[in-house]
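Asks: As input, take data36.cif (mmCIF, C-alpha atoms (C1' of nucleotides)):
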```
data_query
loop_
_atom_site.group_PDB
_atom_site.id
_atom_site.type_symbol
_atom_site.label_atom_id
_atom_site.label_comp_id
_atom_site.auth_asym_id
_atom_site.auth_seq_id
_atom_site.Cartn_x
_atom_site.Cartn_y
_atom_site.Cartn_z
ATOM 1 C CA MET A 2 -14.914 154.390 97.950
ATOM 2 C CA GLU A 3 -12.142 152.775 96.014
ATOM 3 C CA LYS A 4 -12.139 149.289 94.697
ATOM 4 C CA LEU A 5 -9.769 146.913 96.394
ATOM 5 C CA MET A 6 -8.198 143.763 95.003
ATOM 6 C CA THR A 7 -6.869 140.604 96.575
ATOM 7 C CA ILE A 8 -3.327 139.449 95.986
ATOM 8 C CA THR A 9 -4.334 136.713 93.538
ATOM 9 C CA GLU A 10 -6.564 139.016 91.533
ATOM 10 C CA LEU A 11 -3.733 141.492 91.200
ATOM 11 C CA GLY A 12 -1.281 138.730 90.390
ATOM 12 C CA ASP A 13 -3.501 137.288 87.695
ATOM 13 C CA GLU A 14 -3.927 140.678 86.133
ATOM 14 C CA LEU A 15 -0.230 141.484 86.018
ATOM 15 C CA GLY A 16 1.100 138.005 85.438
ATOM 16 C CA LEU A 17 2.674 137.586 88.849
ATOM 17 C CA THR A 18 2.342 134.933 91.522
ATOM 18 C CA PRO A 19 1.207 135.940 95.011
ATOM 19 C CA ARG A 20 4.599 134.748 96.202
ATOM 20 C CA ALA A 21 6.357 137.258 93.954
ATOM 21 C CA ILE A 22 4.124 140.105 95.106
ATOM 22 C CA ARG A 23 4.722 139.269 98.760
ATOM 23 C CA PHE A 24 8.410 139.077 98.032
ATOM 24 C CA TYR A 25 8.378 142.568 96.560
ATOM 25 C CA GLU A 26 6.585 143.759 99.660
ATOM 26 C CA SER A 27 9.218 142.132 101.857
ATOM 27 C CA LYS A 28 11.784 144.181 99.957
ATOM 28 C CA GLY A 29 9.863 147.362 100.696
ATOM 29 C CA LEU A 30 8.532 147.914 97.181
ATOM 30 C CA LEU A 31 4.898 147.738 98.204
ATOM 31 C CA SER A 32 2.886 148.337 101.334
ATOM 32 C CA PRO A 33 -0.728 147.442 100.710
ATOM 33 C CA GLY A 34 -3.482 147.808 103.256
ATOM 34 C CA ARG A 35 -4.943 144.957 105.228
ATOM 35 C CA VAL A 36 -8.416 143.699 105.910
ATOM 36 C CA GLY A 37 -7.898 141.474 108.887
ATOM 37 C CA SER A 38 -4.712 139.679 107.981
ATOM 38 C CA ASN A 39 -5.354 139.758 104.243
ATOM 39 C CA ARG A 40 -3.616 142.159 101.920
ATOM 40 C CA VAL A 41 -5.745 144.523 99.869
ATOM 41 C CA TYR A 42 -4.511 146.540 96.931
ATOM 42 C CA ASN A 43 -5.910 149.810 95.657
ATOM 43 C CA TYR A 44 -5.238 151.518 92.347
ATOM 44 C CA ARG A 45 -2.130 153.229 93.593
ATOM 45 C CA ASP A 46 -0.677 149.915 94.714
ATOM 46 C CA ARG A 47 -1.595 148.494 91.348
ATOM 47 C CA ALA A 48 0.062 151.353 89.459
ATOM 48 C CA ARG A 49 3.137 150.933 91.586
ATOM 49 C CA LEU A 50 3.286 147.237 90.844
ATOM 50 C CA LYS A 51 2.854 147.850 87.120
ATOM 51 C CA LEU A 52 5.822 150.157 87.300
ATOM 52 C CA ILE A 53 7.797 147.425 89.033
ATOM 53 C CA VAL A 54 6.882 144.925 86.334
ATOM 54 C CA ARG A 55 7.927 147.350 83.623
ATOM 55 C CA ALA A 56 11.251 148.037 85.299
ATOM 56 C CA LYS A 57 11.838 144.329 85.676
ATOM 57 C CA ARG A 58 11.291 143.809 81.969
ATOM 58 C CA LEU A 59 14.061 146.337 81.479
ATOM 59 C CA GLY A 60 16.357 144.118 83.512
ATOM 60 C CA PHE A 61 16.517 146.154 86.701
ATOM 61 C CA SER A 62 17.102 144.418 90.005
ATOM 62 C CA LEU A 63 14.614 144.868 92.816
ATOM 63 C CA SER A 64 17.002 147.100 94.728
ATOM 64 C CA ASP A 65 17.420 149.193 91.582
ATOM 65 C CA ILE A 66 13.663 149.446 91.428
ATOM 66 C CA ALA A 67 13.444 150.380 95.093
ATOM 67 C CA GLU A 68 15.740 153.293 94.427
ATOM 68 C CA TYR A 69 13.787 154.160 91.331
ATOM 69 C CA LEU A 70 10.553 154.286 93.317
ATOM 70 C CA ASP A 71 12.261 156.558 95.804
ATOM 71 C CA LEU A 72 12.705 159.088 93.058
ATOM 72 C CA TYR A 73 8.963 159.634 93.047
ATOM 73 C CA ARG A 74 8.725 159.882 96.776
ATOM 74 C CA SER A 75 11.709 162.055 97.462
ATOM 75 C CA ASP A 76 10.909 165.521 98.631
ATOM 76 C CA PRO A 77 12.550 168.162 96.464
ATOM 77 C CA GLN A 78 12.066 170.856 99.063
ATOM 78 C CA GLN A 79 15.548 170.647 100.432
ATOM 79 C CA LEU A 80 18.221 171.790 98.071
ATOM 80 C CA GLU A 81 20.499 168.921 98.936
ATOM 81 C CA GLN A 82 17.689 166.416 98.416
ATOM 82 C CA ARG A 83 16.899 168.020 95.105
ATOM 83 C CA GLN A 84 20.456 167.901 93.847
ATOM 84 C CA LEU A 85 20.703 164.285 94.883
ATOM 85 C CA LEU A 86 17.434 163.521 93.149
ATOM 86 C CA ILE A 87 18.548 165.185 89.944
ATOM 87 C CA ALA A 88 21.836 163.317 90.046
ATOM 88 C CA LYS A 89 20.134 159.968 90.553
ATOM 89 C CA VAL A 90 17.578 160.627 87.866
ATOM 90 C CA ARG A 91 20.294 161.576 85.420
ATOM 91 C CA ALA A 92 22.262 158.446 86.279
ATOM 92 C CA ARG A 93 19.204 156.315 85.568
ATOM 93 C CA ILE A 94 18.597 158.204 82.349
ATOM 94 C CA ALA A 95 22.159 157.537 81.251
ATOM 95 C CA VAL A 96 21.719 153.816 81.836
ATOM 96 C CA LEU A 97 18.481 153.779 79.900
ATOM 97 C CA GLU A 98 19.873 155.800 77.018
ATOM 98 C CA GLN A 99 22.690 153.276 76.709
ATOM 99 C CA GLN A 100 20.095 150.546 76.820
ATOM 100 C CA LYS A 101 18.263 152.306 74.018
ATOM 101 C CA ILE A 102 21.403 152.187 71.889
ATOM 102 C CA ASP A 103 21.933 148.515 72.684
ATOM 103 C CA LEU A 104 18.305 147.841 71.896
ATOM 104 C CA THR A 105 18.440 149.569 68.539
ATOM 105 C CA THR A 106 21.640 147.770 67.574
ATOM 106 C CA THR A 107 20.308 144.389 68.594
ATOM 107 C CA LEU A 108 16.986 144.932 66.888
ATOM 108 C CA ASP A 109 18.771 145.929 63.689
ATOM 109 C CA GLU A 110 20.739 142.706 63.821
ATOM 110 C CA LEU A 111 17.654 140.624 64.418
ATOM 111 C CA TYR A 112 15.704 142.257 61.618
ATOM 112 C CA GLU A 113 18.670 141.604 59.335
ATOM 113 C CA ILE A 114 18.745 137.933 60.310
ATOM 114 C CA GLU A 115 15.016 137.716 59.731
ATOM 115 C CA ARG A 116 15.364 139.426 56.355
ATOM 116 C CA GLN A 117 18.035 136.995 55.200
ATOM 117 C CA ALA A 118 16.127 133.994 56.459
ATOM 118 C CA THR A 119 12.911 135.006 54.748
ATOM 119 C CA ALA A 120 14.816 135.887 51.566
ATOM 120 C CA GLU A 121 16.257 132.383 51.421
ATOM 121 C CA SER A 122 12.854 131.087 52.230
ATOM 122 C CA ALA A 123 11.549 132.817 49.110
ATOM 123 C CA SER A 124 14.330 131.750 46.748
ATOM 124 C CA VAL A 125 15.032 128.253 48.020
ATOM 125 C CA GLY A 126 11.704 127.253 49.466
ATOM 126 C CA MET B 7 48.141 136.148 60.941
ATOM 127 C CA GLU B 8 45.581 137.383 63.398
ATOM 128 C CA LYS B 9 46.297 139.020 66.669
ATOM 129 C CA LEU B 10 45.435 137.046 69.753
ATOM 130 C CA MET B 11 44.593 138.326 73.207
ATOM 131 C CA THR B 12 44.866 136.866 76.669
ATOM 132 C CA ILE B 13 41.869 136.575 78.938
ATOM 133 C CA THR B 14 42.889 139.521 81.106
ATOM 134 C CA GLU B 15 43.536 141.761 78.118
ATOM 135 C CA LEU B 16 40.115 140.980 76.742
ATOM 136 C CA GLY B 17 38.527 141.409 80.152
ATOM 137 C CA ASP B 18 40.158 144.771 80.690
ATOM 138 C CA GLU B 19 38.981 145.961 77.314
ATOM 139 C CA LEU B 20 35.377 144.923 77.792
ATOM 140 C CA GLY B 21 35.098 145.553 81.516
ATOM 141 C CA LEU B 22 34.851 141.915 82.525
ATOM 142 C CA THR B 23 36.818 139.794 84.956
ATOM 143 C CA PRO B 24 38.601 136.673 83.733
ATOM 144 C CA ARG B 25 36.287 134.757 86.015
ATOM 145 C CA ALA B 26 33.238 136.068 84.186
ATOM 146 C CA ILE B 27 34.698 135.234 80.786
ATOM 147 C CA ARG B 28 35.562 131.707 81.879
ATOM 148 C CA PHE B 29 32.078 131.373 83.280
ATOM 149 C CA TYR B 30 30.552 132.343 79.941
ATOM 150 C CA GLU B 31 32.754 129.750 78.305
ATOM 151 C CA SER B 32 31.589 127.117 80.790
ATOM 152 C CA LYS B 33 28.052 127.935 79.674
ATOM 153 C CA GLY B 34 28.997 127.374 76.053
ATOM 154 C CA LEU B 35 28.915 131.016 74.985
ATOM 155 C CA LEU B 36 32.562 131.102 73.947
ATOM 156 C CA SER B 37 35.147 128.606 72.771
ATOM 157 C CA PRO B 38 38.482 130.343 72.385
ATOM 158 C CA GLY B 39 41.636 128.655 71.172
ATOM 159 C CA ARG B 40 44.431 127.516 73.418
ATOM 160 C CA VAL B 41 48.154 128.003 73.467
ATOM 161 C CA GLY B 42 49.296 125.294 75.796
ATOM 162 C CA SER B 43 46.731 125.502 78.549
ATOM 163 C CA ASN B 44 46.146 129.232 78.149
ATOM 164 C CA ARG B 45 43.114 130.660 76.420
ATOM 165 C CA VAL B 46 43.655 132.900 73.421
ATOM 166 C CA TYR B 47 40.999 135.101 71.884
ATOM 167 C CA ASN B 48 40.831 136.315 68.312
ATOM 168 C CA TYR B 49 38.674 139.083 66.854
ATOM 169 C CA ARG B 50 35.739 136.811 66.295
ATOM 170 C CA ASP B 51 35.810 135.739 69.933
ATOM 171 C CA ARG B 52 36.033 139.384 70.887
ATOM 172 C CA ALA B 53 33.057 140.342 68.701
ATOM 173 C CA ARG B 54 31.083 137.500 70.190
ATOM 174 C CA LEU B 55 31.888 138.640 73.698
ATOM 175 C CA LYS B 56 30.921 142.216 72.895
ATOM 176 C CA LEU B 57 27.586 140.919 71.728
ATOM 177 C CA ILE B 58 27.214 139.044 75.003
ATOM 178 C CA VAL B 59 27.967 142.184 76.993
ATOM 179 C CA ARG B 60 25.429 144.146 75.011
ATOM 180 C CA ALA B 61 22.758 141.523 75.512
ATOM 181 C CA LYS B 62 23.505 141.449 79.211
ATOM 182 C CA ARG B 63 22.966 145.188 79.440
ATOM 183 C CA LEU B 64 19.541 144.496 77.993
ATOM 184 C CA GLY B 65 18.830 142.200 80.903
ATOM 185 C CA PHE B 66 19.037 138.875 79.090
ATOM 186 C CA SER B 67 20.084 135.794 80.976
ATOM 187 C CA LEU B 68 23.061 133.799 79.780
ATOM 188 C CA SER B 69 20.824 131.007 78.518
ATOM 189 C CA ASP B 70 18.817 133.616 76.599
ATOM 190 C CA ILE B 71 22.065 134.829 75.115
ATOM 191 C CA ALA B 72 23.125 131.296 74.250
ATOM 192 C CA GLU B 73 19.954 130.906 72.247
ATOM 193 C CA TYR B 74 20.460 134.304 70.711
ATOM 194 C CA LEU B 75 23.955 133.355 69.569
ATOM 195 C CA ASP B 76 22.522 130.218 68.040
ATOM 196 C CA LEU B 77 20.487 132.388 65.726
ATOM 197 C CA TYR B 78 23.682 133.431 63.995
ATOM 198 C CA ARG B 79 25.011 129.933 63.779
ATOM 199 C CA SER B 80 21.900 128.152 62.679
ATOM 200 C CA ASP B 81 21.956 126.884 59.156
ATOM 201 C CA PRO B 82 18.994 128.121 57.134
ATOM 202 C CA GLN B 83 19.486 125.477 54.469
ATOM 203 C CA GLN B 84 16.843 123.152 55.813
ATOM 204 C CA LEU B 85 13.343 124.479 55.540
ATOM 205 C CA GLU B 86 12.435 123.315 59.001
ATOM 206 C CA GLN B 87 15.544 124.940 60.472
ATOM 207 C CA ARG B 88 14.738 128.121 58.663
ATOM 208 C CA GLN B 89 11.165 128.247 59.889
ATOM 209 C CA LEU B 90 12.373 127.628 63.407
ATOM 210 C CA LEU B 91 14.983 130.347 63.046
ATOM 211 C CA ILE B 92 12.439 132.851 61.782
ATOM 212 C CA ALA B 93 10.095 131.996 64.609
ATOM 213 C CA LYS B 94 12.787 132.423 67.227
ATOM 214 C CA VAL B 95 14.038 135.655 65.736
ATOM 215 C CA ARG B 96 10.521 137.038 65.692
ATOM 216 C CA ALA B 97 9.990 136.003 69.296
ATOM 217 C CA ARG B 98 13.153 137.860 70.311
ATOM 218 C CA ILE B 99 12.080 140.858 68.275
ATOM 219 C CA ALA B 100 8.744 140.902 70.047
ATOM 220 C CA VAL B 101 10.463 140.937 73.436
ATOM 221 C CA LEU B 102 12.767 143.735 72.381
ATOM 222 C CA GLU B 103 9.971 145.798 70.878
ATOM 223 C CA GLN B 104 8.116 145.527 74.173
ATOM 224 C CA GLN B 105 11.300 146.530 75.923
ATOM 225 C CA LYS B 106 11.508 149.537 73.619
ATOM 226 C CA ILE B 107 8.039 150.617 74.708
ATOM 227 C CA ASP B 108 8.944 150.123 78.371
ATOM 228 C CA LEU B 109 12.123 152.051 77.818
ATOM 229 C CA THR B 110 10.389 154.982 76.183
ATOM 230 C CA THR B 111 7.742 155.126 78.899
ATOM 231 C CA THR B 112 10.289 154.979 81.685
ATOM 232 C CA LEU B 113 12.542 157.551 80.059
ATOM 233 C CA ASP B 114 9.592 159.892 79.647
ATOM 234 C CA GLU B 115 8.843 159.550 83.345
ATOM 235 C CA LEU B 116 12.425 160.182 84.324
ATOM 236 C CA TYR B 117 12.759 163.225 82.101
ATOM 237 C CA GLU B 118 9.545 164.553 83.635
ATOM 238 C CA ILE B 119 10.906 164.069 87.145
ATOM 239 C CA GLU B 120 14.116 165.766 86.147
ATOM 240 C CA ARG B 121 12.185 168.645 84.573
ATOM 241 C CA GLN B 122 10.147 169.198 87.723
ATOM 242 C CA ALA B 123 13.165 168.968 89.964
ATOM 243 C CA THR B 124 15.189 171.418 87.938
ATOM 244 C CA ALA B 125 12.182 173.733 87.665
ATOM 245 C CA GLU B 126 11.889 173.858 91.445
ATOM 246 C CA SER B 127 15.591 174.288 91.567
ATOM 247 C CA ALA B 128 15.207 177.451 89.480
ATOM 248 C CA SER B 129 12.262 178.944 91.378
ATOM 249 C CA VAL B 130 13.121 177.934 94.930
ATOM 250 C CA GLY B 131 16.896 177.645 94.803
ATOM 251 C "C1'" DA C 11 68.251 128.088 90.498
ATOM 252 C "C1'" DG C 12 64.796 130.823 92.686
ATOM 253 C "C1'" DC C 13 61.160 133.996 92.386
ATOM 254 C "C1'" DC C 14 57.453 136.616 90.375
ATOM 255 C "C1'" DT C 15 53.640 136.858 87.377
ATOM 256 C "C1'" DA C 16 49.915 135.104 84.700
ATOM 257 C "C1'" DC C 17 47.375 131.509 83.784
ATOM 258 C "C1'" DT C 18 44.874 127.079 84.881
ATOM 259 C "C1'" DT C 19 41.145 124.012 87.314
ATOM 260 C "C1'" DT C 20 38.353 122.822 91.304
ATOM 261 C "C1'" DA C 21 35.517 124.151 94.778
ATOM 262 C "C1'" DC C 22 33.018 126.513 97.994
ATOM 263 C "C1'" DG C 23 30.465 130.934 98.981
ATOM 264 C "C1'" DC C 24 26.975 134.343 98.213
ATOM 265 C "C1'" DA C 25 23.252 137.654 96.686
ATOM 266 C "C1'" DT C 26 19.061 137.809 93.937
ATOM 267 C "C1'" DA C 27 14.448 136.240 92.959
ATOM 268 C "C1'" DC C 28 11.569 133.721 93.631
ATOM 269 C "C1'" DG C 29 9.187 128.281 94.085
ATOM 270 C "C1'" DT C 30 7.430 125.157 97.172
ATOM 271 C "C1'" DC C 31 6.005 122.875 101.111
ATOM 272 C "C1'" DA C 32 4.058 123.163 105.897
ATOM 273 C "C1'" DA C 33 1.198 124.589 109.422
ATOM 274 C "C1'" DT C 34 -2.349 127.770 110.598
ATOM 275 C "C1'" DT C 35 -6.358 130.693 110.233
ATOM 276 C "C1'" DG C 36 -10.395 132.848 108.531
ATOM 277 C "C1'" DT C 37 -14.390 132.452 105.001
ATOM 278 C "C1'" DT C 38 -17.689 130.410 102.426
ATOM 279 C "C1'" DT C 39 -20.242 126.667 100.610
ATOM 280 C "C1'" DT C 40 -22.903 122.539 101.301
ATOM 281 C "C1'" DA D 25 -20.973 121.536 111.712
ATOM 282 C "C1'" DA D 26 -17.882 119.713 108.304
ATOM 283 C "C1'" DA D 27 -15.462 120.407 104.297
ATOM 284 C "C1'" DA D 28 -13.327 123.085 100.995
ATOM 285 C "C1'" DC D 29 -11.098 127.303 99.777
ATOM 286 C "C1'" DA D 30 -8.178 131.582 100.033
ATOM 287 C "C1'" DA D 31 -5.064 133.753 102.548
ATOM 288 C "C1'" DT D 32 -1.241 134.121 106.012
ATOM 289 C "C1'" DT D 33 3.675 133.467 107.890
ATOM 290 C "C1'" DG D 34 7.853 130.930 108.234
ATOM 291 C "C1'" DA D 35 11.322 128.043 106.349
ATOM 292 C "C1'" DC D 36 13.861 125.562 103.272
ATOM 293 C "C1'" DG D 37 15.126 124.730 98.290
ATOM 294 C "C1'" DT D 38 16.901 126.211 93.805
ATOM 295 C "C1'" DA D 39 18.760 128.489 89.463
ATOM 296 C "C1'" DT D 40 21.597 132.283 87.979
ATOM 297 C "C1'" DG D 41 25.962 134.796 87.880
ATOM 298 C "C1'" DC D 42 29.564 135.358 89.269
ATOM 299 C "C1'" DG D 43 33.521 136.317 93.626
ATOM 300 C "C1'" DT D 44 37.057 134.330 96.006
ATOM 301 C "C1'" DA D 45 40.365 131.418 97.875
ATOM 302 C "C1'" DA D 46 43.268 127.176 97.060
ATOM 303 C "C1'" DA D 47 46.565 124.564 94.694
ATOM 304 C "C1'" DG D 48 49.107 123.693 90.747
ATOM 305 C "C1'" DT D 49 51.751 124.843 86.208
ATOM 306 C "C1'" DA D 50 54.449 127.435 82.799
ATOM 307 C "C1'" DG D 51 57.282 131.271 81.326
ATOM 308 C "C1'" DG D 52 60.332 135.212 82.125
ATOM 309 C "C1'" DC D 53 63.763 138.005 85.164
ATOM 310 C "C1'" DT D 54 67.630 138.493 88.219
#
```
Please lay out the structure from this file as structure tokens.

Replies:
Amino acid sequence: MEKLMTITELGDELGLTPRAIRFYESKGLLSPGRVGSNRVYNYRDRARLKLIVRAKRLGFSLSDIAEYLDLYRSDPQQLEQRQLLIAKVRARIAVLEQQKIDLTTTLDELYEIERQATAESASVG
Amino acid sequence: MEKLMTITELGDELGLTPRAIRFYESKGLLSPGRVGSNRVYNYRDRARLKLIVRAKRLGFSLSDIAEYLDLYRSDPQQLEQRQLLIAKVRARIAVLEQQKIDLTTTLDELYEIERQATAESASVG
DNA sequence: AGCCTACTTTACGCATACGTCAATTGTTTT
DNA sequence: AAAACAATTGACGTATGCGTAAAGTAGGCT
């Protein structure tokens, strides 16, 4: 039988408050089981939440993330579904590839600032 | 003499509304010149705004960006200033490097989903 | 002069993403 | 059993990032 976690345990592990986790659930991003009235999270719930956290670090909104999670769930049996899936995935990829460019540019700038600052630190300090 | 732009010209070029640009100014991210009461933007203002747009695509908040812009402006003459600058730059770098990891992971997942979907598209469709 | 257009400030509105009580309930510890 | 603790569901509050009138001004066209 699988190990189950409480909401605070899960929150502590992933750096989230119970309030945040419940909020994500209210937006349809999670649907954990219950024991009585208490929420219980299994490893799949946990993996899902980790994915949410990762997407949030990338700056995605919760509704973005909801759509992103749908990509996993969508059934590619129907041709129309599949085409839609592919289109959505490619749209997300495009956004992320742009983000990659932005990231590289910004990191280059920051490393340059750091280089100059440490250089002055060596000569002046 | 340098060419100056109006707020709508600049907005059109960078995909922003005048409202957004004024809002950034109200948060201290920009300080364009004036001709009468009208704002005028030079190339430095434009470069600054492009940097803001890029940072926003990376999911940074405006106050994050304000601090980020300070990194350029900060005077590394004073040792204390310089140490602070280096520390802040390194903190930003750490965030962005984490973001890079998240980005790579997420892109890998998306490309995998796309691969599977197109594969089914070839065999089934 | 009168009008249109572009700009200005001020102000209220709104969606997102939670924080923070409040009141209640079930569990566990003493 | 009483107290303390962990969880629950509302409900209201708040910061961010603008959108959207509203009301006024300044310049150019007919």

Asks: Take the PyMOL selection byres ((chain B and resi 62-71) around 8), apply it to the structure above, and return the hits as a list in words.

Replies: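 Applying the expression gives Arg58, Leu59, Gly60, Phe61, Gln100, Asp103 and Leu104 of chain A; Tyr30, Lys33, Leu35, Ile58, Val59, Arg60, Ala61, Ala72, Glu73, Tyr74 and Leu75 of chain B; DT40 of chain D.
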
Asks: When the PyMOL selection byres ((chain C) within 10 of (chain B)) is applied to the file above, which residues end up in the set, as a list in words?

Replies: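 Evaluating the PyMOL selection byres ((chain C) within 10 of (chain B)) on this file yields DA16, DC17 and DT18 of chain C.
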
Asks: Need the shell around region 115-119 of chain A: protein/DNA/RNA residues with any atom at most 10 Å away, counting only C-alpha atoms (C1' of nucleotides). Skip same-chain ones fewer than 3 positions apart. Format as a PDB file with C-alpha atoms, in the coordinates of the input?

Replies:
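And here is the file that came out, part06.pdb:
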```
ATOM      1  CA  ASP A 109      18.771 145.929  63.689  1.00  0.00           C
ATOM      2  CA  GLU A 110      20.739 142.706  63.821  1.00  0.00           C
ATOM      3  CA  LEU A 111      17.654 140.624  64.418  1.00  0.00           C
ATOM      4  CA  TYR A 112      15.704 142.257  61.618  1.00  0.00           C
ATOM      5  CA  SER A 122      12.854 131.087  52.230  1.00  0.00           C
ATOM      6  CA  ALA A 123      11.549 132.817  49.110  1.00  0.00           C
ATOM      7  CA  SER A 124      14.330 131.750  46.748  1.00  0.00           C
ATOM      8  CA  VAL A 125      15.032 128.253  48.020  1.00  0.00           C
ATOM      9  CA  GLY A 126      11.704 127.253  49.466  1.00  0.00           C
TER      10      GLY A 126
ATOM     11  CA  LEU B  77      20.487 132.388  65.726  1.00  0.00           C
ATOM     12  CA  ASP B  81      21.956 126.884  59.156  1.00  0.00           C
ATOM     13  CA  PRO B  82      18.994 128.121  57.134  1.00  0.00           C
ATOM     14  CA  GLN B  83      19.486 125.477  54.469  1.00  0.00           C
ATOM     15  CA  LEU B  85      13.343 124.479  55.540  1.00  0.00           C
ATOM     16  CA  GLN B  87      15.544 124.940  60.472  1.00  0.00           C
ATOM     17  CA  ARG B  88      14.738 128.121  58.663  1.00  0.00           C
ATOM     18  CA  GLN B  89      11.165 128.247  59.889  1.00  0.00           C
ATOM     19  CA  LEU B  91      14.983 130.347  63.046  1.00  0.00           C
ATOM     20  CA  ILE B  92      12.439 132.851  61.782  1.00  0.00           C
ATOM     21  CA  ALA B  93      10.095 131.996  64.609  1.00  0.00           C
ATOM     22  CA  LYS B  94      12.787 132.423  67.227  1.00  0.00           C
ATOM     23  CA  VAL B  95      14.038 135.655  65.736  1.00  0.00           C
ATOM     24  CA  ARG B  96      10.521 137.038  65.692  1.00  0.00           C
ATOM     25  CA  ILE B  99      12.080 140.858  68.275  1.00  0.00           C
TER      26      ILE B  99
END
```

Asks: Can you measure CA of Gly34 (chain A) to C1' of DA32 (chain C) for me? One decimal in Å is fine.

Replies: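 For CA of Gly34 (chain A) relative to C1' of DA32 (chain C), the distance reads 25.9 Å.
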
Asks: Given the file above and the PyMOL selection byres ((chain D) within 12 of (chain A)), which residues are selected, and can you give them as a list in words?

Replies: DA30, DA31, DT32 and DT33 of chain D

Asks: Around the point (27.1, 130.3, 95.8) (coordinates from the file), which residues reach within 12 Å if we count all atoms listed in the file? Answer as a ChimeraX atom specification.

Replies: /C:21-26 /D:38-44

Asks: Report the distance between CA of Asn43 (chain A) and CA of Arg20 (chain A) in Å, rounded to one decimal place.

Replies: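 Between CA of Asn43 (chain A) and CA of Arg20 (chain A) the gap works out to 18.4 Å.
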
Asks: Rounded to one decimal in Å, what is the spacing between CA of Thr107 (chain A) and CA of Phe29 (chain B)?

Replies: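 One can read the CA of Thr107 (chain A) to CA of Phe29 (chain B) distance as 22.9 Å.
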
Asks: Please provide as a short mmCIF file (atom, residue, chain, number, x, y, z; two decimals) with C-alpha atoms (C1' of nucleotides), in the frame of the given file all residues within 10 Å of DT39 (chain C), with the sequence filter that same-chain residues fewer than 3 positions apart are discarded (counting all atoms listed in the file).

Replies:
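Result file follows (around21.cif):
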```cif
data_model
loop_
_atom_site.label_atom_id
_atom_site.label_comp_id
_atom_site.auth_asym_id
_atom_site.auth_seq_id
_atom_site.Cartn_x
_atom_site.Cartn_y
_atom_site.Cartn_z
"C1'" DA D 27 -15.46 120.41 104.30
"C1'" DA D 28 -13.33 123.08 101.00
"C1'" DC D 29 -11.10 127.30 99.78
#
```

Asks: Once you count only C-alpha atoms (C1' of nucleotides), which residues end up no further than 10 Å from (49.2, 123.9, 88.6) in the file's frame, shown as a list of chain:residue names?

Replies: C:DC17, C:DT18, C:DT19, D:DA47, D:DG48, D:DT49, D:DA50

Asks: Can you pull out the residues contacting Leu15 (chain A)? Cut-off 9 Å, using only C-alpha atoms (C1' of nucleotides), and skip same-chain residues under 4 positions away; I want them as a ChimeraX atom specification.

Replies: /A:10-11,47,50-51,54

Asks: Could you pull region 71-83 of chain B out of the structure just shown and give N, CA and C atoms as a CSV table (one decimal), in the first residue's frame?

Replies:
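Result written to out_33.csv:
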```
chain,number,residue,atom,x,y,z
B,71,ILE,N,12.4,43.6,-10.8
B,71,ILE,CA,13.1,44.2,-12.0
B,71,ILE,C,13.7,45.6,-11.5
B,72,ALA,N,13.0,46.3,-10.6
B,72,ALA,CA,13.6,47.5,-10.1
B,72,ALA,C,14.9,47.2,-9.5
B,73,GLU,N,15.0,46.2,-8.7
B,73,GLU,CA,16.2,45.8,-8.0
B,73,GLU,C,17.3,45.4,-9.1
B,74,TYR,N,16.8,44.7,-10.1
B,74,TYR,CA,17.7,44.3,-11.1
B,74,TYR,C,18.3,45.5,-11.9
B,75,LEU,N,17.5,46.5,-12.1
B,75,LEU,CA,18.0,47.7,-12.8
B,75,LEU,C,19.0,48.4,-12.0
B,76,ASP,N,18.8,48.3,-10.7
B,76,ASP,CA,19.7,49.0,-9.7
B,76,ASP,C,21.1,48.4,-9.9
B,77,LEU,N,21.2,47.1,-10.3
B,77,LEU,CA,22.5,46.5,-10.4
B,77,LEU,C,23.4,47.2,-11.4
B,78,TYR,N,22.7,47.8,-12.4
B,78,TYR,CA,23.4,48.5,-13.5
B,78,TYR,C,23.9,49.8,-12.9
B,79,ARG,N,23.0,50.4,-12.1
B,79,ARG,CA,23.3,51.8,-11.7
B,79,ARG,C,24.2,51.9,-10.5
B,80,SER,N,24.3,50.8,-9.8
B,80,SER,CA,25.0,50.9,-8.5
B,80,SER,C,26.5,51.2,-8.8
B,81,ASP,N,27.0,52.0,-7.9
B,81,ASP,CA,28.4,52.4,-8.1
B,81,ASP,C,29.3,51.5,-7.3
B,82,PRO,N,30.2,50.8,-8.0
B,82,PRO,CA,31.1,49.9,-7.4
B,82,PRO,C,32.3,50.5,-6.8
B,83,GLN,N,32.3,51.8,-6.6
B,83,GLN,CA,33.5,52.5,-6.0
B,83,GLN,C,33.7,52.1,-4.6
```
